[in-house]
Amino acid sequence: MVSRKISVAVIVFGIAFASAIAGAREGRGKDKDDDDKNTDDARISQGFEIAPVALHFKKKDRDLVGLGSYIVNAQGACNDCHTNPPFATGGDPHLGEPTVINSTHYLAGGMAFGPFISRNLTPDVTSGLPADLTFEKFKLVIRTGIDLRNDPPHVPSDSLDLLQVMPWPIYQGMTDHDLLAVYKYLSAIPHAEPGS
């Protein structure tokens, strides 16, 4: 009788233990997914808060645009090279002032780096990102540094012209999803002309 009670107790304990392990594994998966979703939601929300210009969403995924804003404005430091000057008068944090991005010339290029001038990243056929710049072409530029425009000044490298100042060797490791978010964000900002 005692051994039967012990056997039943061992079986009940075994079932309870197996259920607890399965529940813990399942819970970990859900927690991770929930954490990833919460992290994405937080980055998207923050991206909208820190966008220095009005965004338009015509046929665009709002979440991708928000995530793109977060990557461009909080991680990629795109403003530092592609806005001239990067900060508005009285808004330069390097001078101890509260940060105010130069929204008038935001991402319009025109910053000189020796003989190289940063490009206009705002949507525009003539002076900014052309409408025919597909996501595939955008990925090609970011991942390889190939200069699709062949604009001077450039430094020939065999038969290719590579972007010399753009940190594409760093950005080439970004996921397709994050690059798509940046691409969608850049198409959602207004056109601007370079400052001086």
# chains A, B, ... in the order shown; residues from 1 in each chain; ligands from 1
$ select_by_dssp --residues "region 54-185 of chain A" --states "alpha helix (DSSP H)" --output "PyMOL selection string"
chain A and resi 62-70+78-82+135-144+168-171+176-185
$ write_last_selection --atoms "C-alpha atoms" --output "PDB file, in the first residue's frame"
ATOM      1  CA  ARG A  62       2.984  53.980 -40.180  1.00  0.00           C
ATOM      2  CA  ASP A  63       4.927  51.539 -38.023  1.00  0.00           C
ATOM      3  CA  LEU A  64       7.762  51.286 -40.554  1.00  0.00           C
ATOM      4  CA  VAL A  65       7.903  55.085 -40.865  1.00  0.00           C
ATOM      5  CA  GLY A  66       8.050  55.461 -37.057  1.00  0.00           C
ATOM      6  CA  LEU A  67      10.750  52.808 -36.769  1.00  0.00           C
ATOM      7  CA  GLY A  68      12.668  54.472 -39.621  1.00  0.00           C
ATOM      8  CA  SER A  69      12.516  57.794 -37.789  1.00  0.00           C
ATOM      9  CA  TYR A  70      13.930  56.122 -34.693  1.00  0.00           C
ATOM     10  CA  CYS A  78      22.053  60.874 -40.435  1.00  0.00           C
ATOM     11  CA  ASN A  79      21.303  64.498 -39.499  1.00  0.00           C
ATOM     12  CA  ASP A  80      24.926  65.143 -38.532  1.00  0.00           C
ATOM     13  CA  CYS A  81      26.128  64.715 -42.127  1.00  0.00           C
ATOM     14  CA  HIS A  82      23.035  65.262 -44.256  1.00  0.00           C
ATOM     15  CA  PHE A 135      14.103  49.613 -52.223  1.00  0.00           C
ATOM     16  CA  GLU A 136      16.403  47.166 -54.034  1.00  0.00           C
ATOM     17  CA  LYS A 137      18.562  50.057 -55.337  1.00  0.00           C
ATOM     18  CA  PHE A 138      18.530  51.681 -51.891  1.00  0.00           C
ATOM     19  CA  LYS A 139      19.778  48.426 -50.317  1.00  0.00           C
ATOM     20  CA  LEU A 140      22.475  48.177 -52.994  1.00  0.00           C
ATOM     21  CA  VAL A 141      23.790  51.656 -52.128  1.00  0.00           C
ATOM     22  CA  ILE A 142      23.668  51.086 -48.348  1.00  0.00           C
ATOM     23  CA  ARG A 143      25.253  47.645 -48.517  1.00  0.00           C
ATOM     24  CA  THR A 144      27.938  48.270 -51.169  1.00  0.00           C
ATOM     25  CA  TRP A 168      28.015  52.209 -45.683  1.00  0.00           C
ATOM     26  CA  PRO A 169      30.520  49.626 -44.367  1.00  0.00           C
ATOM     27  CA  ILE A 170      28.824  50.042 -40.962  1.00  0.00           C
ATOM     28  CA  TYR A 171      25.229  50.263 -42.204  1.00  0.00           C
ATOM     29  CA  ASP A 176      16.371  44.245 -44.482  1.00  0.00           C
ATOM     30  CA  HIS A 177      13.503  45.166 -42.141  1.00  0.00           C
ATOM     31  CA  ASP A 178      15.433  48.083 -40.607  1.00  0.00           C
ATOM     32  CA  LEU A 179      16.636  49.273 -44.023  1.00  0.00           C
ATOM     33  CA  LEU A 180      13.048  49.138 -45.285  1.00  0.00           C
ATOM     34  CA  ALA A 181      12.004  51.262 -42.296  1.00  0.00           C
ATOM     35  CA  VAL A 182      14.689  53.856 -43.144  1.00  0.00           C
ATOM     36  CA  TYR A 183      13.640  53.792 -46.817  1.00  0.00           C
ATOM     37  CA  LYS A 184       9.967  54.324 -45.906  1.00  0.00           C
ATOM     38  CA  TYR A 185      10.859  57.119 -43.459  1.00  0.00           C
TER      39      TYR A 185
END
$ residues_around --residues "His56 (chain A)" --least-positions-apart "4" --cutoff "9 Å" --atoms "only C-alpha atoms" --output "PyMOL selection string"
chain A and resi 60+187-190
$ write_last_selection --atoms "C-alpha atoms" --output "PDB file, in the first residue's frame"
ATOM      1  CA  LYS A  60       2.925  54.040 -46.188  1.00  0.00           C
ATOM      2  CA  SER A 187      10.018  58.822 -48.479  1.00  0.00           C
ATOM      3  CA  ALA A 188       7.678  60.238 -45.800  1.00  0.00           C
ATOM      4  CA  ILE A 189       9.670  63.414 -45.031  1.00  0.00           C
ATOM      5  CA  PRO A 190       9.155  66.655 -46.954  1.00  0.00           C
TER       6      PRO A 190
END
$ atom_distance --atom1 "CA of Ala51 (chain A)" --atom2 "CA of Tyr106 (chain A)"
10.3 Å
$ atom_distance --atom1 "CA of Val100 (chain A)" --atom2 "CA of Ala88 (chain A)"
5.7 Å
$ closest_residue --among "A:Thr99, A:Ser118, A:Thr39, A:Ser196" --to "Gln164 (chain A)" --atoms "only C-alpha atoms"
A:Ser118
$ residues_around --residues "Gly109 (chain A)" --least-positions-apart "5" --cutoff "12 Å" --atoms "only C-alpha atoms" --output "ChimeraX atom specification"
/A:78-86,102,104,116-123,127-129,166,191-196
$ write_last_selection --atoms "C-alpha atoms" --output "mmCIF file, in the first residue's frame"
data_model
loop_
_atom_site.group_PDB
_atom_site.id
_atom_site.type_symbol
_atom_site.label_atom_id
_atom_site.label_comp_id
_atom_site.auth_asym_id
_atom_site.auth_seq_id
_atom_site.Cartn_x
_atom_site.Cartn_y
_atom_site.Cartn_z
ATOM 1 C CA CYS A 78 22.053 60.874 -40.435
ATOM 2 C CA ASN A 79 21.303 64.498 -39.499
ATOM 3 C CA ASP A 80 24.926 65.143 -38.532
ATOM 4 C CA CYS A 81 26.128 64.715 -42.127
ATOM 5 C CA HIS A 82 23.035 65.262 -44.256
ATOM 6 C CA THR A 83 21.715 68.526 -42.724
ATOM 7 C CA ASN A 84 23.694 71.739 -43.150
ATOM 8 C CA PRO A 85 23.968 72.978 -40.459
ATOM 9 C CA PRO A 86 22.644 70.083 -38.362
ATOM 10 C CA ASN A 102 17.522 72.349 -38.352
ATOM 11 C CA THR A 104 14.316 73.857 -42.633
ATOM 12 C CA PHE A 116 32.876 65.456 -50.901
ATOM 13 C CA ILE A 117 29.426 66.967 -50.347
ATOM 14 C CA SER A 118 26.699 65.055 -48.530
ATOM 15 C CA ARG A 119 23.683 64.137 -50.624
ATOM 16 C CA ASN A 120 20.128 65.365 -50.309
ATOM 17 C CA LEU A 121 18.113 62.489 -48.807
ATOM 18 C CA THR A 122 14.727 64.178 -49.137
ATOM 19 C CA PRO A 123 12.288 63.075 -51.860
ATOM 20 C CA SER A 127 18.070 67.358 -56.049
ATOM 21 C CA GLY A 128 16.963 64.617 -53.664
ATOM 22 C CA LEU A 129 16.146 60.930 -53.692
ATOM 23 C CA MET A 166 29.073 57.616 -46.267
ATOM 24 C CA HIS A 191 11.552 67.827 -49.666
ATOM 25 C CA ALA A 192 14.123 70.397 -48.512
ATOM 26 C CA GLU A 193 16.972 72.251 -50.139
ATOM 27 C CA PRO A 194 20.510 72.354 -48.718
ATOM 28 C CA GLY A 195 21.494 75.133 -46.352
ATOM 29 C CA SER A 196 24.777 76.986 -46.420
#
$ atom_distance --atom1 "CA of Phe113 (chain A)" --atom2 "CA of Pro52 (chain A)"
23.8 Å
$ closest_residue --among "A:Met111, A:Ile44, A:Met174, A:Ile101" --to "Gly76 (chain A)" --atoms "only C-alpha atoms"
A:Met174
